[in-house]
Amino acid sequence: MTIANVLTVALLVIGCFFFLTGTIGLVRFPDFYARMHATGKSDTLAVFCCLLALAIHHGLALDSFKLLLIAVFVYVANPTGTHAICRAAFRAGVKPWTRKTNK
Amino acid sequence: MHAFFLGTSLFLCLLVLVCLYRVIWGPTTIDRMVAAGAIGTKTLIILVLMGFLYDRIAMFIDISMVYAILNFIGTLAFAKYFEGAGEI
């Protein structure tokens, strides 16, 4: 059990945990904006953790550099897509969820 | 390590099945699209793990990179279309 294996397992478990929380939020939240809030951020962090773990496992090579390139691309692209789709929904007139009993 | 990667892949496949609930029974079209994007993000990791499982890592990393770019472009194209359509 080397230090690289420990780091790989720990980062993959952290990534799977964030995937799990994002999926639970996607299924359980009441509103489109809340679902977007749950899945947009946690999925980005989960992808970054998982790809970093696999790059550490693979070692110093061209393929691990490509893995980090995918991670950086997802880190830029996933929030951009989230923002674009939320803005489109807001302009199309999707109403945010409010608690009915407060009215 | 091989068994751990296999277990992680199976766990992510289970999460994809849970996301598929929102794709099928989502109330609006945009919910389905968000869930499809989340499934694409999980598929990215599953593809790289499959590359480690089959020892064909170079090929599967290229496939995964193309998948990430296609997922992003699909999301942007849908956002543009949805903004123009103005209907749920």
# chains A, B, ... in the order shown; residues from 1 in each chain; ligands from 1
>>> residues_around(residues="Phe72 in chain B", least_positions_apart="2", cutoff="9 Å", atoms="only C-alpha atoms", output="ChimeraX atom specification")
/A:74,77-78,80-81 /B:37,67-70,74-77
>>> write_last_selection(atoms="C-alpha atoms", output="short mmCIF file (atom, residue, chain, number, x, y, z; two decimals), in the first residue's frame")
data_model
loop_
_atom_site.label_atom_id
_atom_site.label_comp_id
_atom_site.auth_asym_id
_atom_site.auth_seq_id
_atom_site.Cartn_x
_atom_site.Cartn_y
_atom_site.Cartn_z
CA VAL A 74 -14.72 20.29 -17.32
CA ALA A 77 -17.10 24.17 -19.22
CA ASN A 78 -19.50 22.73 -16.63
CA THR A 80 -20.54 27.77 -18.13
CA GLY A 81 -23.16 25.30 -19.28
CA GLY B 37 -26.13 16.54 -18.69
CA TYR B 67 -17.49 13.07 -24.86
CA ALA B 68 -16.80 16.02 -22.54
CA ILE B 69 -16.69 18.46 -25.45
CA LEU B 70 -19.87 17.03 -27.00
CA GLY B 74 -25.03 19.93 -26.50
CA THR B 75 -25.87 21.84 -23.31
CA LEU B 76 -25.05 25.18 -24.94
CA ALA B 77 -27.05 24.35 -28.07
#
>>> interface_residues(of="chain B", to="chain A", cutoff="9 Å", atoms="only C-alpha atoms", output="MDAnalysis selection string")
chainID B and resid 1 4 8 11:12 15:16 18:19 21:22 28 30:31 34:35 38 41:42 44:45 48:49 52 57:58 61:62 64:65 68:69 72:73 75:76 78:88
>>> atom_distance(atom1="CA of Asn71 in chain B", atom2="CA of Val76 in chain A")
13.0 Å
>>> select_by_dssp(residues="chain A", states="alpha helix (DSSP H)", output="JSON, numbers by chain")
{"A": [3, 4, 5, 6, 7, 8, 9, 10, 11, 12, 13, 14, 15, 16, 17, 18, 19, 20, 21, 22, 23, 24, 25, 26, 27, 28, 32, 33, 34, 35, 36, 37, 38, 39, 40, 41, 42, 43, 44, 45, 46, 47, 48, 49, 50, 51, 52, 53, 54, 55, 56, 57, 58, 62, 63, 64, 65, 66, 67, 68, 69, 70, 71, 72, 73, 74, 75, 76, 77, 78, 79, 80, 81, 82, 83, 84, 85, 86, 87, 88, 89, 90, 91, 92]}
>>> atom_distance(atom1="CA of Pro27 in chain B", atom2="CA of Pro30 in chain A")
10.4 Å
>>> residues_around(residues="Ile14 in chain A", least_positions_apart="3", cutoff="8 Å", atoms="only C-alpha atoms", output="PyMOL selection string")
chain A and resi 10-11+17-18+46+49-50
>>> write_last_selection(atoms="N, CA and C atoms", output="compact mmCIF listing (two decimals), in the first residue's frame")
# COMPACT_ATOMS: atom_id res chain seq x y z
N ALA A 10 -8.64 7.61 -1.75
CA ALA A 10 -9.29 8.69 -1.02
C ALA A 10 -9.97 9.67 -1.97
N LEU A 11 -9.27 10.05 -3.05
CA LEU A 11 -9.88 11.02 -3.98
C LEU A 11 -11.05 10.41 -4.74
N PHE A 17 -18.63 10.46 -3.41
CA PHE A 17 -19.52 11.09 -2.44
C PHE A 17 -20.19 12.32 -3.04
N PHE A 18 -19.42 13.14 -3.77
CA PHE A 18 -20.02 14.34 -4.35
C PHE A 18 -20.98 13.99 -5.48
N ALA A 46 -16.70 16.70 -8.31
CA ALA A 46 -16.55 15.25 -8.32
C ALA A 46 -15.72 14.81 -9.51
N CYS A 49 -12.08 15.61 -8.75
CA CYS A 49 -11.46 14.68 -7.81
C CYS A 49 -11.18 13.33 -8.45
N CYS A 50 -12.16 12.80 -9.22
CA CYS A 50 -11.98 11.48 -9.81
C CYS A 50 -10.85 11.49 -10.83
